[in-house]
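> Next comes my_file.txt, compact mmCIF, C-alpha atoms:
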# COMPACT_ATOMS: atom_id res chain seq x y z
CA MET A 19 -30.28 12.49 -63.31
CA TRP A 20 -27.55 10.90 -61.19
CA ARG A 21 -28.53 7.35 -60.32
CA VAL A 22 -27.26 5.42 -57.34
CA GLY A 23 -25.90 1.91 -57.72
CA THR A 24 -24.80 -0.45 -54.98
CA VAL A 25 -21.68 -2.52 -55.47
CA VAL A 26 -22.74 -6.17 -55.35
CA ALA A 27 -19.54 -7.82 -56.61
CA LEU A 28 -15.93 -7.04 -57.43
CA HIS A 29 -13.71 -9.18 -59.61
CA ASP A 30 -10.10 -8.63 -60.60
CA GLU A 31 -9.66 -9.13 -64.35
CA THR A 32 -5.89 -8.54 -64.27
CA VAL A 33 -3.46 -7.09 -61.75
CA THR A 34 -4.50 -3.59 -62.81
CA ALA A 35 -8.14 -3.96 -63.86
CA ARG A 36 -11.25 -4.69 -61.83
CA THR A 37 -14.83 -5.41 -62.81
CA ILE A 38 -17.41 -3.69 -60.62
CA THR A 39 -20.94 -5.08 -60.60
CA LEU A 40 -23.59 -2.59 -59.58
CA LYS A 41 -27.25 -3.04 -58.85
CA VAL A 42 -29.02 0.11 -60.04
CA PRO A 43 -32.70 0.08 -59.02
CA ASP A 44 -33.81 2.76 -61.53
CA TRP A 45 -31.60 1.61 -64.40
CA PRO A 46 -33.54 2.22 -67.65
CA GLY A 47 -31.65 -0.41 -69.66
CA HIS A 48 -28.83 0.12 -72.15
CA VAL A 49 -27.54 -0.88 -75.55
CA ALA A 50 -24.27 -2.79 -75.90
CA GLY A 51 -21.42 -0.34 -76.44
CA GLN A 52 -22.75 2.51 -74.30
CA HIS A 53 -20.94 4.04 -71.35
CA VAL A 54 -21.71 5.74 -68.05
CA ASP A 55 -20.28 8.67 -66.14
CA VAL A 56 -19.22 7.76 -62.60
CA ARG A 57 -19.02 10.46 -59.92
CA LEU A 58 -16.96 10.31 -56.74
CA THR A 59 -17.60 12.93 -54.07
CA ALA A 60 -15.24 13.84 -51.23
CA ALA A 61 -16.44 14.79 -47.75
CA ASP A 62 -16.03 18.52 -48.52
CA GLY A 63 -18.14 18.35 -51.68
CA TYR A 64 -15.28 18.17 -54.19
CA PHE A 65 -16.16 15.69 -56.91
CA ALA A 66 -14.54 13.99 -59.89
CA VAL A 67 -16.28 12.30 -62.80
CA ARG A 68 -14.97 9.87 -65.40
CA SER A 69 -16.58 7.83 -68.18
CA TYR A 70 -16.44 4.02 -68.26
CA SER A 71 -17.77 1.59 -70.83
CA ILE A 72 -20.39 -0.91 -69.75
CA ALA A 73 -19.15 -4.51 -69.96
CA SER A 74 -22.43 -6.31 -69.30
CA ALA A 75 -25.22 -7.16 -71.70
CA PRO A 76 -28.57 -5.47 -71.20
CA ASN A 77 -30.41 -7.55 -68.60
CA SER A 78 -33.63 -7.54 -66.65
CA GLU A 79 -31.94 -7.50 -63.22
CA ARG A 80 -30.86 -3.83 -63.50
CA ARG A 81 -27.30 -4.97 -63.12
CA VAL A 82 -24.48 -2.93 -64.66
CA GLU A 83 -20.89 -4.12 -64.88
CA LEU A 84 -18.00 -1.75 -65.47
CA THR A 85 -14.39 -2.78 -65.96
CA VAL A 86 -11.92 -0.14 -64.84
CA GLU A 87 -8.23 -0.16 -65.70
CA ARG A 88 -6.08 1.50 -63.03
CA LEU A 89 -4.12 4.36 -64.57
CA PRO A 90 -0.84 5.40 -63.02
CA ASN A 91 -1.47 8.80 -61.39
CA GLY A 92 -5.20 8.49 -62.03
CA GLU A 93 -7.60 10.36 -59.77
CA VAL A 94 -10.65 8.10 -60.03
CA SER A 95 -9.43 4.71 -61.29
CA PRO A 96 -7.18 3.95 -58.26
CA TYR A 97 -10.18 4.50 -55.98
CA LEU A 98 -12.48 2.31 -58.07
CA THR A 99 -9.95 -0.51 -58.39
CA GLN A 100 -8.49 -0.44 -54.87
CA GLU A 101 -10.78 1.31 -52.35
CA LEU A 102 -14.29 0.53 -53.48
CA ALA A 103 -15.88 -2.34 -51.54
CA VAL A 104 -18.97 -4.50 -51.85
CA GLY A 105 -21.91 -2.65 -50.31
CA ASP A 106 -20.58 0.84 -51.21
CA ARG A 107 -22.86 3.12 -53.18
CA LEU A 108 -21.68 4.75 -56.37
CA GLU A 109 -23.29 7.53 -58.38
CA LEU A 110 -23.63 7.14 -62.10
CA ARG A 111 -25.23 8.85 -65.04
CA GLY A 112 -26.30 7.19 -68.23
CA PRO A 113 -26.40 5.15 -70.28
CA ILE A 114 -24.69 7.52 -72.73
CA GLY A 115 -23.84 7.25 -76.43
CA GLY A 116 -25.78 6.22 -79.50
CA TRP A 117 -23.06 5.68 -82.10
CA PHE A 118 -20.63 3.03 -80.93
CA VAL A 119 -23.41 0.52 -80.26
CA TRP A 120 -24.51 -2.86 -81.53
CA ARG A 121 -28.26 -3.42 -81.61
CA THR A 122 -29.71 -6.91 -81.51
CA GLU A 123 -31.72 -6.29 -84.68
CA GLN A 124 -28.45 -6.04 -86.65
CA THR A 125 -27.99 -9.30 -88.55
CA GLU A 126 -24.94 -8.49 -90.69
CA PRO A 127 -21.48 -9.91 -89.87
CA ILE A 128 -19.76 -7.99 -87.10
CA GLN A 129 -16.03 -7.44 -86.84
CA LEU A 130 -14.77 -6.43 -83.43
CA ILE A 131 -11.18 -5.23 -82.98
CA ALA A 132 -9.96 -4.47 -79.46
CA GLY A 133 -6.69 -3.03 -78.22
CA GLY A 134 -6.10 -3.61 -74.51
CA SER A 135 -8.94 -2.34 -72.33
CA GLY A 136 -10.77 -1.40 -75.54
CA ILE A 137 -12.31 -4.86 -75.19
CA VAL A 138 -14.87 -3.60 -72.63
CA PRO A 139 -17.65 -2.21 -74.89
CA LEU A 140 -17.00 -5.01 -77.40
CA MET A 141 -17.52 -7.57 -74.63
CA ALA A 142 -20.92 -6.03 -73.97
CA MET A 143 -21.74 -6.62 -77.65
CA ILE A 144 -20.61 -10.27 -77.53
CA ARG A 145 -22.58 -10.85 -74.33
CA SER A 146 -25.62 -9.07 -75.75
CA ARG A 147 -25.49 -11.30 -78.83
CA ALA A 148 -25.36 -14.41 -76.62
CA SER A 149 -28.09 -13.37 -74.22
CA THR A 150 -30.56 -12.49 -76.96
CA GLY A 151 -29.92 -15.57 -79.10
CA SER A 152 -28.83 -13.43 -82.06
CA ALA A 153 -27.42 -15.40 -85.00
CA ALA A 154 -25.27 -12.53 -86.30
CA PRO A 155 -21.78 -13.88 -87.03
CA PHE A 156 -19.14 -12.18 -84.87
CA ARG A 157 -15.38 -12.14 -85.11
CA LEU A 158 -13.17 -10.65 -82.44
CA LEU A 159 -9.53 -9.74 -82.94
CA TYR A 160 -8.13 -8.87 -79.51
CA SER A 161 -4.69 -7.32 -79.27
CA VAL A 162 -3.10 -7.40 -75.83
CA ARG A 163 0.38 -6.98 -74.40
CA GLU A 164 0.64 -10.47 -72.92
CA PRO A 165 -1.56 -13.36 -71.79
CA GLY A 166 -1.90 -11.92 -68.26
CA ALA A 167 -3.43 -8.72 -69.63
CA VAL A 168 -6.48 -10.44 -71.14
CA PHE A 169 -9.87 -9.39 -69.72
CA TYR A 170 -12.77 -11.90 -69.64
CA GLY A 171 -10.58 -14.78 -70.90
CA ASP A 172 -12.75 -17.62 -69.58
CA ASP A 173 -15.99 -15.97 -70.58
CA LEU A 174 -14.73 -15.33 -74.12
CA GLN A 175 -13.57 -18.94 -74.44
CA THR A 176 -16.93 -20.28 -73.26
CA LEU A 177 -18.90 -18.04 -75.59
CA SER A 178 -16.83 -18.94 -78.65
CA ASP A 179 -16.67 -22.67 -77.80
CA ARG A 180 -20.40 -23.02 -77.61
CA ASP A 181 -21.21 -21.11 -80.80
CA ASN A 182 -19.29 -21.52 -84.03
CA LYS A 183 -20.53 -18.13 -85.21
CA VAL A 184 -18.34 -16.39 -82.64
CA SER A 185 -14.64 -16.56 -83.42
CA LEU A 186 -11.84 -15.29 -81.27
CA THR A 187 -8.27 -14.41 -82.26
CA TYR A 188 -5.69 -13.08 -79.85
CA ALA A 189 -2.73 -11.02 -80.99
CA TYR A 190 0.01 -10.47 -78.42
CA THR A 191 2.26 -7.46 -78.72
CA ARG A 192 4.94 -8.21 -76.08
CA ALA A 193 4.81 -11.80 -74.88
CA THR A 194 2.82 -14.81 -76.11
CA PRO A 195 1.73 -18.07 -74.51
CA LYS A 196 4.22 -20.92 -74.99
CA ASP A 197 4.43 -22.25 -78.58
CA TRP A 198 2.12 -19.55 -79.88
CA ARG A 199 1.87 -19.54 -83.68
CA ARG A 200 2.61 -15.85 -84.17
CA ALA A 201 5.59 -13.92 -82.87
CA PRO A 202 4.73 -10.99 -80.59
CA GLY A 203 3.91 -7.90 -82.58
CA ARG A 204 1.33 -5.37 -83.56
CA ILE A 205 -1.57 -6.28 -85.79
CA ASP A 206 -0.65 -6.20 -89.48
CA THR A 207 -2.02 -6.87 -92.97
CA ALA A 208 -1.46 -10.62 -92.75
CA LEU A 209 -3.33 -10.90 -89.47
CA ILE A 210 -6.21 -8.79 -90.74
CA ALA A 211 -6.45 -11.04 -93.83
CA ASP A 212 -6.29 -14.16 -91.68
CA ALA A 213 -8.52 -13.33 -88.75
CA THR A 214 -11.14 -10.80 -89.85
CA TRP A 215 -14.13 -10.81 -92.19
CA PRO A 216 -13.28 -10.07 -95.82
CA SER A 217 -14.62 -6.72 -96.98
CA ASN A 218 -16.93 -8.30 -99.60
CA LEU A 219 -19.15 -9.49 -96.74
CA ALA A 220 -19.59 -5.83 -95.77
CA PRO A 221 -19.28 -6.35 -92.02
CA THR A 222 -19.87 -3.52 -89.61
CA CYS A 223 -16.56 -2.99 -87.81
CA PHE A 224 -16.17 -1.73 -84.24
CA VAL A 225 -12.65 -0.73 -83.28
CA CYS A 226 -11.81 0.34 -79.71
CA GLY A 227 -8.52 0.99 -78.00
CA PRO A 228 -5.74 3.52 -77.53
CA THR A 229 -5.61 6.18 -80.23
CA SER A 230 -2.60 4.88 -82.12
CA PHE A 231 -4.00 1.33 -82.09
CA VAL A 232 -7.31 2.54 -83.52
CA GLU A 233 -5.50 4.60 -86.17
CA ALA A 234 -3.44 1.57 -87.22
CA ALA A 235 -6.36 -0.87 -87.19
CA THR A 236 -8.68 1.38 -89.19
CA ASP A 237 -5.96 2.09 -91.75
CA LEU A 238 -5.49 -1.68 -92.19
CA LEU A 239 -9.24 -2.22 -92.58
CA ILE A 240 -9.51 0.52 -95.19
CA ALA A 241 -6.48 -0.85 -97.06
CA SER A 242 -8.20 -4.25 -97.19
CA GLY A 243 -11.25 -2.74 -98.83
CA HIS A 244 -13.64 -1.96 -95.98
CA GLY A 245 -15.80 1.12 -96.47
CA ARG A 246 -15.11 4.03 -94.13
CA ASP A 247 -18.82 4.22 -93.42
CA LYS A 248 -18.74 0.64 -92.10
CA ILE A 249 -16.13 1.40 -89.44
CA ARG A 250 -17.05 2.83 -86.05
CA THR A 251 -14.37 3.75 -83.58
CA GLU A 252 -13.88 4.61 -79.95
CA ARG A 253 -10.49 5.93 -78.90
CA PHE A 254 -8.94 6.70 -75.57
CA GLY A 255 -5.71 8.33 -74.51
CA PRO A 256 -3.51 10.91 -76.18
CA THR A 257 -1.67 10.74 -79.47
CA GLY A 258 1.23 8.33 -79.60
CA ASP A 259 0.22 6.56 -76.40
CA ARG A 260 0.57 3.10 -77.84
CA LYS A 261 1.15 0.60 -75.08
CA MET B 22 -24.14 17.33 -53.08
CA GLY B 23 -23.77 13.74 -54.10
CA ILE B 24 -23.33 10.67 -51.96
CA ILE B 25 -19.96 10.88 -50.23
CA SER B 26 -17.56 8.26 -51.52
CA ARG B 27 -16.05 6.70 -48.40
CA GLY B 28 -12.29 7.27 -48.40
CA PHE B 29 -12.19 9.48 -51.49
CA SER B 30 -10.34 12.77 -51.17
CA GLY B 31 -9.56 13.53 -54.80
CA ARG B 32 -6.88 15.67 -56.25
CA ARG B 33 -7.20 19.42 -56.41
CA SER B 34 -4.95 21.97 -57.99
CA ALA B 35 -4.77 25.73 -58.37
CA ALA B 36 -5.81 25.30 -62.00
CA ASP B 37 -9.20 23.91 -60.97
CA ALA B 38 -10.47 27.46 -60.55
CA LYS B 39 -10.10 27.95 -64.30
CA LEU B 40 -12.01 24.82 -65.18
CA PRO B 41 -15.72 24.57 -65.98
CA PRO B 42 -17.73 22.35 -63.62
CA GLY B 43 -17.02 18.63 -63.80
CA GLN B 44 -13.83 18.98 -65.86
CA TYR B 45 -10.34 17.79 -65.00
CA LEU B 46 -7.03 19.08 -66.25
CA THR B 47 -4.96 17.11 -68.72
CA THR B 48 -1.61 17.91 -70.27
CA ASP B 49 -2.07 15.23 -72.97
CA PHE B 50 -4.13 15.82 -76.05
CA PRO B 51 -6.66 12.99 -76.16
CA VAL B 52 -8.23 12.04 -79.49
CA LEU B 53 -11.91 11.20 -79.89
CA SER B 54 -13.46 10.46 -83.26
CA ALA B 55 -16.43 8.42 -84.39
CA GLY B 56 -14.74 6.75 -87.35
CA PRO B 57 -11.54 6.38 -89.36
CA THR B 58 -9.28 9.41 -89.69
CA PRO B 59 -9.67 10.90 -93.18
CA HIS B 60 -6.39 11.71 -94.90
CA VAL B 61 -7.19 14.74 -97.02
CA SER B 62 -4.63 15.83 -99.58
CA LEU B 63 -4.08 19.57 -99.83
CA ASP B 64 -4.61 19.63 -103.61
CA ARG B 65 -8.14 18.29 -103.09
CA TRP B 66 -8.95 20.28 -99.97
CA GLU B 67 -11.57 22.99 -100.17
CA PHE B 68 -13.66 25.11 -97.87
CA THR B 69 -17.07 26.34 -98.98
CA ILE B 70 -19.79 28.48 -97.48
CA ASP B 71 -23.22 27.74 -98.80
CA ASP B 72 -26.81 28.72 -98.25
CA ALA B 73 -29.38 25.97 -97.77
CA SER B 74 -32.40 28.19 -97.35
CA ASN B 75 -33.63 27.72 -100.92
CA GLY B 76 -34.46 24.06 -100.82
CA GLU B 77 -32.55 20.89 -101.32
CA PHE B 78 -29.51 22.07 -103.26
CA PRO B 79 -27.42 24.57 -101.36
CA GLU B 80 -26.15 27.59 -103.24
CA VAL B 81 -22.39 27.99 -102.95
CA LEU B 82 -21.57 31.51 -101.80
CA LYS B 83 -17.82 31.19 -101.22
CA ARG B 84 -15.12 28.71 -102.09
CA TRP B 85 -11.43 28.49 -101.21
CA ASP B 86 -8.83 25.94 -102.18
CA TRP B 87 -5.86 25.39 -99.87
CA LYS B 88 -3.72 28.01 -101.59
CA SER B 89 -6.33 30.76 -101.52
CA PHE B 90 -7.31 29.83 -97.98
CA ARG B 91 -3.74 30.11 -96.75
CA GLU B 92 -3.38 33.51 -98.42
CA LEU B 93 -6.06 34.87 -96.08
CA PRO B 94 -4.84 36.72 -93.00
CA SER B 95 -4.38 34.33 -90.10
CA GLU B 96 -3.77 34.82 -86.41
CA THR B 97 -2.33 32.98 -83.44
CA ILE B 98 -4.84 32.10 -80.78
CA THR B 99 -4.16 30.85 -77.24
CA VAL B 100 -7.24 29.36 -75.61
CA ASP B 101 -8.48 26.81 -73.08
CA ILE B 102 -10.38 23.85 -74.52
CA HIS B 103 -12.94 21.65 -72.82
CA CYS B 104 -14.02 18.20 -74.01
CA VAL B 105 -17.41 16.79 -73.05
CA THR B 106 -15.58 13.61 -71.93
CA ARG B 107 -14.36 15.85 -69.10
CA TRP B 108 -10.79 16.72 -69.90
CA SER B 109 -9.74 20.33 -70.26
CA LYS B 110 -6.48 21.61 -71.60
CA LEU B 111 -5.36 25.12 -70.76
CA GLY B 112 -3.44 27.59 -72.89
CA THR B 113 -3.46 25.68 -76.17
CA SER B 114 -1.87 27.54 -79.05
CA TRP B 115 -3.29 27.50 -82.59
CA GLU B 116 -2.94 29.36 -85.84
CA GLY B 117 -6.00 29.84 -88.00
CA VAL B 118 -8.20 32.06 -90.08
CA SER B 119 -10.98 33.81 -88.21
CA LEU B 120 -14.54 33.08 -89.30
CA ASP B 121 -14.91 36.88 -89.33
CA VAL B 122 -12.53 36.90 -92.31
CA LEU B 123 -14.30 34.04 -94.07
CA LEU B 124 -17.75 35.52 -93.55
CA ALA B 125 -16.72 39.13 -94.24
CA ASP B 126 -18.46 39.47 -97.63
CA VAL B 127 -21.34 37.15 -96.86
CA LYS B 128 -24.59 38.98 -96.44
CA THR B 129 -27.19 36.76 -94.86
CA ASP B 130 -30.31 36.85 -92.72
CA LEU B 131 -29.81 33.23 -91.72
CA SER B 132 -29.02 32.58 -88.06
CA TYR B 133 -27.54 29.07 -87.93
CA ALA B 134 -24.70 27.14 -89.52
CA MET B 135 -24.04 23.45 -90.04
CA PHE B 136 -20.30 22.83 -90.25
CA ARG B 137 -19.40 19.95 -92.57
CA SER B 138 -16.33 17.73 -92.47
CA TYR B 139 -14.52 15.18 -94.59
CA GLY B 140 -15.71 11.83 -93.27
CA ASP B 141 -19.31 13.12 -93.11
CA TYR B 142 -19.15 14.62 -89.61
CA THR B 143 -21.39 17.62 -88.99
CA THR B 144 -21.98 19.98 -86.09
CA ASN B 145 -24.48 22.81 -85.72
CA LEU B 146 -23.79 26.27 -84.32
CA PRO B 147 -25.68 29.53 -84.08
CA LEU B 148 -24.01 32.00 -86.45
CA LYS B 149 -23.65 34.47 -83.57
CA ASP B 150 -21.30 31.99 -81.88
CA VAL B 151 -18.81 31.89 -84.73
CA ILE B 152 -18.46 35.64 -85.39
CA ASN B 153 -16.82 38.40 -83.34
CA LYS B 154 -13.50 36.64 -82.67
CA GLN B 155 -15.05 33.46 -81.34
CA ALA B 156 -14.16 30.87 -84.00
CA TRP B 157 -11.36 30.02 -86.40
CA ILE B 158 -10.45 27.50 -89.06
CA ALA B 159 -7.20 26.31 -87.49
CA PHE B 160 -4.39 24.69 -89.44
CA LYS B 161 -1.55 24.72 -86.90
CA PHE B 162 -1.32 23.49 -83.34
CA ASP B 163 1.68 24.38 -81.17
CA GLY B 164 3.43 25.84 -84.21
CA ALA B 165 3.26 22.68 -86.32
CA ASP B 166 0.86 21.59 -89.08
CA LEU B 167 -2.24 20.08 -87.54
CA ALA B 168 -1.91 16.27 -87.45
CA PRO B 169 -4.62 14.24 -89.21
CA GLU B 170 -5.82 12.61 -85.98
CA HIS B 171 -6.34 16.08 -84.49
CA GLY B 172 -8.30 17.23 -87.53
CA GLY B 173 -5.66 18.29 -90.05
CA PRO B 174 -5.33 19.79 -92.59
CA ALA B 175 -7.79 22.14 -90.87
CA ARG B 176 -10.39 22.05 -88.14
CA LEU B 177 -12.92 24.39 -86.70
CA LEU B 178 -11.85 25.94 -83.38
CA VAL B 179 -14.69 27.29 -81.28
CA PRO B 180 -13.24 27.13 -77.80
CA HIS B 181 -16.11 28.60 -75.77
CA LEU B 182 -18.20 25.48 -76.44
CA TYR B 183 -17.45 21.81 -75.75
CA PHE B 184 -14.77 20.63 -78.10
CA TRP B 185 -16.93 18.28 -80.21
CA LYS B 186 -18.21 21.52 -81.77
CA SER B 187 -14.66 22.18 -83.03
CA ALA B 188 -15.17 19.89 -86.01
CA LYS B 189 -12.08 18.08 -87.31
CA TRP B 190 -11.34 17.88 -91.06
CA VAL B 191 -13.71 20.75 -91.69
CA THR B 192 -14.60 21.50 -95.31
CA GLY B 193 -17.27 24.13 -95.02
CA LEU B 194 -20.40 25.47 -93.47
CA THR B 195 -23.97 25.62 -94.62
CA LEU B 196 -26.13 28.54 -93.53
CA MET B 197 -29.59 27.58 -92.29
CA SER B 198 -32.68 29.43 -91.17
CA HIS B 199 -33.32 27.09 -88.22
CA ASP B 200 -31.11 25.17 -85.87
CA LYS B 201 -30.93 21.44 -86.40
CA PRO B 202 -28.77 18.76 -84.78
CA GLY B 203 -25.46 17.70 -86.27
CA PHE B 204 -23.83 14.30 -85.74
CA TRP B 205 -23.34 14.09 -81.97
CA GLU B 206 -26.23 16.45 -81.29
CA GLY B 207 -28.49 13.82 -82.90
CA LEU B 208 -26.96 11.06 -80.76
CA GLY B 209 -27.76 12.29 -77.29
CA TYR B 210 -25.44 15.27 -76.91
CA HIS B 211 -26.58 18.82 -76.17
CA ILE B 212 -27.74 21.02 -79.05
CA TYR B 213 -25.58 23.98 -77.87
CA GLY B 214 -22.90 22.65 -75.50
CA ASP B 215 -21.79 25.43 -73.13
CA PRO B 216 -19.19 23.91 -70.77
CA TRP B 217 -19.74 26.58 -68.09
CA LEU B 218 -23.43 25.58 -67.93
CA GLU B 219 -22.45 21.90 -68.19
CA GLN B 220 -24.65 21.35 -71.23
CA ARG B 221 -23.30 17.89 -72.00
CA TYR B 222 -26.26 15.75 -72.95
CA SER B 223 -29.65 16.42 -74.48
CA GLY B 224 -31.95 17.20 -71.59
CA ASP B 225 -29.34 19.20 -69.67
CA GLU B 226 -30.68 22.70 -69.02
Turn the structure described in the file into structure tokens.


Amino acid sequence: MWRVGTVVALHDETVTARTITLKVPDWPGHVAGQHVDVRLTAADGYFAVRSYSIASAPNSERRVELTVERLPNGEVSPYLTQELAVGDRLELRGPIGGWFVWRTEQTEPIQLIAGGSGIVPLMAMIRSRASTGSAAPFRLLYSVREPGAVFYGDDLQTLSDRDNKVSLTYAYTRATPKDWRRAPGRIDTALIADATWPSNLAPTCFVCGPTSFVEAATDLLIASGHGRDKIRTERFGPTGDRK
Amino acid sequence: MGIISRGFSGRRSAADAKLPPGQYLTTDFPVLSAGPTPHVSLDRWEFTIDDASNGEFPEVLKRWDWKSFRELPSETITVDIHCVTRWSKLGTSWEGVSLDVLLADVKTDLSYAMFRSYGDYTTNLPLKDVINKQAWIAFKFDGADLAPEHGGPARLLVPHLYFWKSAKWVTGLTLMSHDKPGFWEGLGYHIYGDPWLEQRYSGDE
């Protein structure tokens, strides 16, 4: 049940986050939004396992990309972002999860809302849409600390430039690019009204990020009329850990 | 043993001995939920026990509103909890009403229960796993009212199984003759979920 992948590429997304591309010969395929368990084993048999969202679209090359944010005092993420090298083998289990997923047969409007590294499973959805030629209209609202904390910036720009059914709005919480139209701050009612699908279009909403971000974003969506049953969430981190 | 990860030594602590396989210790209290947090007002809150063995419309056997529920005898419980996403938290302190109290006058031959929550979450449990001081409807954590994101006003606490079984925002249970999957159990997670046997996903022994 544990599969073995070989690291074929490493790419730094930010100063603290790295994308790991694995070639997994027996990969059964996945659905955008799913995650994997990654296992590290020490020489004496001690092991540690953590879950990471898949960033890549399903593909025929049995390639799986994970983006890992290095946590201060983490046990696994410092190894994956600093020690792991091309050619190393990594054990993984999955894909896992059947709820926080976007399937290519879905044609309704999709609202994606990411806080920080919560972009990872949503990126898999955007990439999956592009690679399958889906015409489902997507909007992404991506809240990050500062411009340097953005994951996949070039890829997101390319995907939204070439298809007017994919729109992209950044919201910066601490520092913005020069002459940015909105002062730094958390997402709020005005931004939701401005940058997301209105509730009368009944979009399916995927919200992923730190717990307090997800709580705030889902409360705003519900206050603007979205049905609770149209909102799917994935949270990480403890209560009150809003960064 | 798995493939050795070159240069990985890991972090071990004395507490590891108390952890089920594949778990790590956290001192935070992570939150995992599939959808928006329901905010349930206490004047609308209720807890019901019903019997679904007679067809489509369950028969309500027991019903409490918040006031009558809180008048039931409660107890303080200190337990270790284990989430399928691999964190464990030791010595957590709760206050709640034992399922033994809630089920005291319920005579049934049925062997399974589907716990139901506000927000439409469900989770299935054998009835034998929620009696005999194994499960509570908890309304306080660490001496304070249970926060909505952790399942308040009240959640199921069934600490000997993975924590997704401890349904947040619980509003009742339905007795059933046969086991059937709840929300996560129908989405790839194990039907029973014993952390000591590492029953995480469907297909695990």

> Kindly provide the residues of chain A that approach chain B to within 8 Å, each paired with its closest atom pair and their distance in Å to one decimal, based on only C-alpha atoms, listed by chain and increasing number, as CSV.


residue,atom,partner,partner_atom,distance
A:Leu58,CA,B:Ser26,CA,5.6
A:Thr59,CA,B:Ile25,CA,5.0
A:Ala60,CA,B:Ser30,CA,5.0
A:Ala61,CA,B:Ile25,CA,5.8
A:Gly63,CA,B:Met22,CA,6.2
A:Tyr64,CA,B:Gly31,CA,7.4
A:Phe65,CA,B:Gly31,CA,7.3
A:Ala66,CA,B:Gly43,CA,6.6
A:Val67,CA,B:Gly43,CA,6.5
A:Arg68,CA,B:Arg107,CA,7.1
A:Ser69,CA,B:Thr106,CA,7.0
A:Glu93,CA,B:Gly31,CA,6.2
A:Val94,CA,B:Gly31,CA,7.6
A:Tyr97,CA,B:Phe29,CA,7.0
A:Glu101,CA,B:Gly28,CA,7.3
A:Asp106,CA,B:Arg27,CA,7.9
A:Arg107,CA,B:Ser26,CA,7.6
A:Leu108,CA,B:Ser26,CA,7.3
A:Glu109,CA,B:Ile24,CA,7.1
A:Ile114,CA,B:Gly209,CA,7.3
A:Gly115,CA,B:Gly209,CA,6.4
A:Gly116,CA,B:Leu208,CA,5.1
A:Trp117,CA,B:Leu208,CA,6.8
A:Phe118,CA,B:Ala55,CA,7.7
A:Thr229,CA,B:Val52,CA,6.5
A:Glu233,CA,B:Thr58,CA,7.1
A:Thr236,CA,B:Pro57,CA,5.8
A:Asp237,CA,B:Pro57,CA,7.4
A:Arg246,CA,B:Pro57,CA,6.4
A:Asp247,CA,B:Gly56,CA,7.7
A:Ile249,CA,B:Gly56,CA,5.9
A:Arg250,CA,B:Gly56,CA,4.7
A:Thr251,CA,B:Gly56,CA,4.8
A:Glu252,CA,B:Ala55,CA,6.4
A:Arg253,CA,B:Leu53,CA,5.5
A:Phe254,CA,B:Val52,CA,6.7
A:Gly255,CA,B:Pro51,CA,5.0
A:Pro256,CA,B:Pro51,CA,3.8
A:Thr257,CA,B:Pro51,CA,6.4

> Those selected residues, please, written with C-alpha atoms and delivered as a tab-separated table (two decimals), keeping the file's coordinate frame.


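Saved result, result.tsv, follows:
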chain	number	residue	atom	x	y	z
A	58	LEU	CA	-16.96	10.31	-56.74
A	59	THR	CA	-17.60	12.93	-54.07
A	60	ALA	CA	-15.24	13.84	-51.23
A	61	ALA	CA	-16.44	14.79	-47.75
A	63	GLY	CA	-18.14	18.35	-51.68
A	64	TYR	CA	-15.28	18.17	-54.19
A	65	PHE	CA	-16.16	15.69	-56.91
A	66	ALA	CA	-14.54	13.99	-59.89
A	67	VAL	CA	-16.28	12.30	-62.80
A	68	ARG	CA	-14.97	9.87	-65.40
A	69	SER	CA	-16.58	7.83	-68.18
A	93	GLU	CA	-7.60	10.36	-59.77
A	94	VAL	CA	-10.65	8.10	-60.03
A	97	TYR	CA	-10.18	4.50	-55.98
A	101	GLU	CA	-10.78	1.31	-52.35
A	106	ASP	CA	-20.58	0.84	-51.21
A	107	ARG	CA	-22.86	3.12	-53.18
A	108	LEU	CA	-21.68	4.75	-56.37
A	109	GLU	CA	-23.29	7.53	-58.38
A	114	ILE	CA	-24.69	7.52	-72.73
A	115	GLY	CA	-23.84	7.25	-76.43
A	116	GLY	CA	-25.78	6.22	-79.50
A	117	TRP	CA	-23.06	5.68	-82.10
A	118	PHE	CA	-20.63	3.03	-80.93
A	229	THR	CA	-5.61	6.18	-80.23
A	233	GLU	CA	-5.50	4.60	-86.17
A	236	THR	CA	-8.68	1.38	-89.19
A	237	ASP	CA	-5.96	2.09	-91.75
A	246	ARG	CA	-15.11	4.03	-94.13
A	247	ASP	CA	-18.82	4.22	-93.42
A	249	ILE	CA	-16.13	1.40	-89.44
A	250	ARG	CA	-17.05	2.83	-86.05
A	251	THR	CA	-14.37	3.75	-83.58
A	252	GLU	CA	-13.88	4.61	-79.95
A	253	ARG	CA	-10.49	5.93	-78.90
A	254	PHE	CA	-8.94	6.70	-75.57
A	255	GLY	CA	-5.71	8.33	-74.51
A	256	PRO	CA	-3.51	10.91	-76.18
A	257	THR	CA	-1.67	10.74	-79.47

> Do you know which residues are at most 12 Å from Ala148 (chain A) counting all atoms listed in the file, after dropping those on the same chain fewer than 2 positions away, and could you put them as a PyMOL selection string?

chain A and resi 50+74-77+122+141-146+150-156+173-174+176-178+180-184

> Between CA of Leu209 (chain A) and CA of Ala234 (chain A), what is the distance in Å, rounded to a tenth?

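One can read the CA of Leu209 (chain A) to CA of Ala234 (chain A) distance as 12.7 Å.
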
> Under the rule that all atoms listed in the file are counted, which of A:Pro228, A:Ala103, A:Thr125, A:Arg111 is the nearest residue to Val162 (chain A)?

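Of A:Pro228, A:Ala103, A:Thr125, A:Arg111, the one nearest Val162 (chain A), counting all atoms listed in the file, is A:Pro228.
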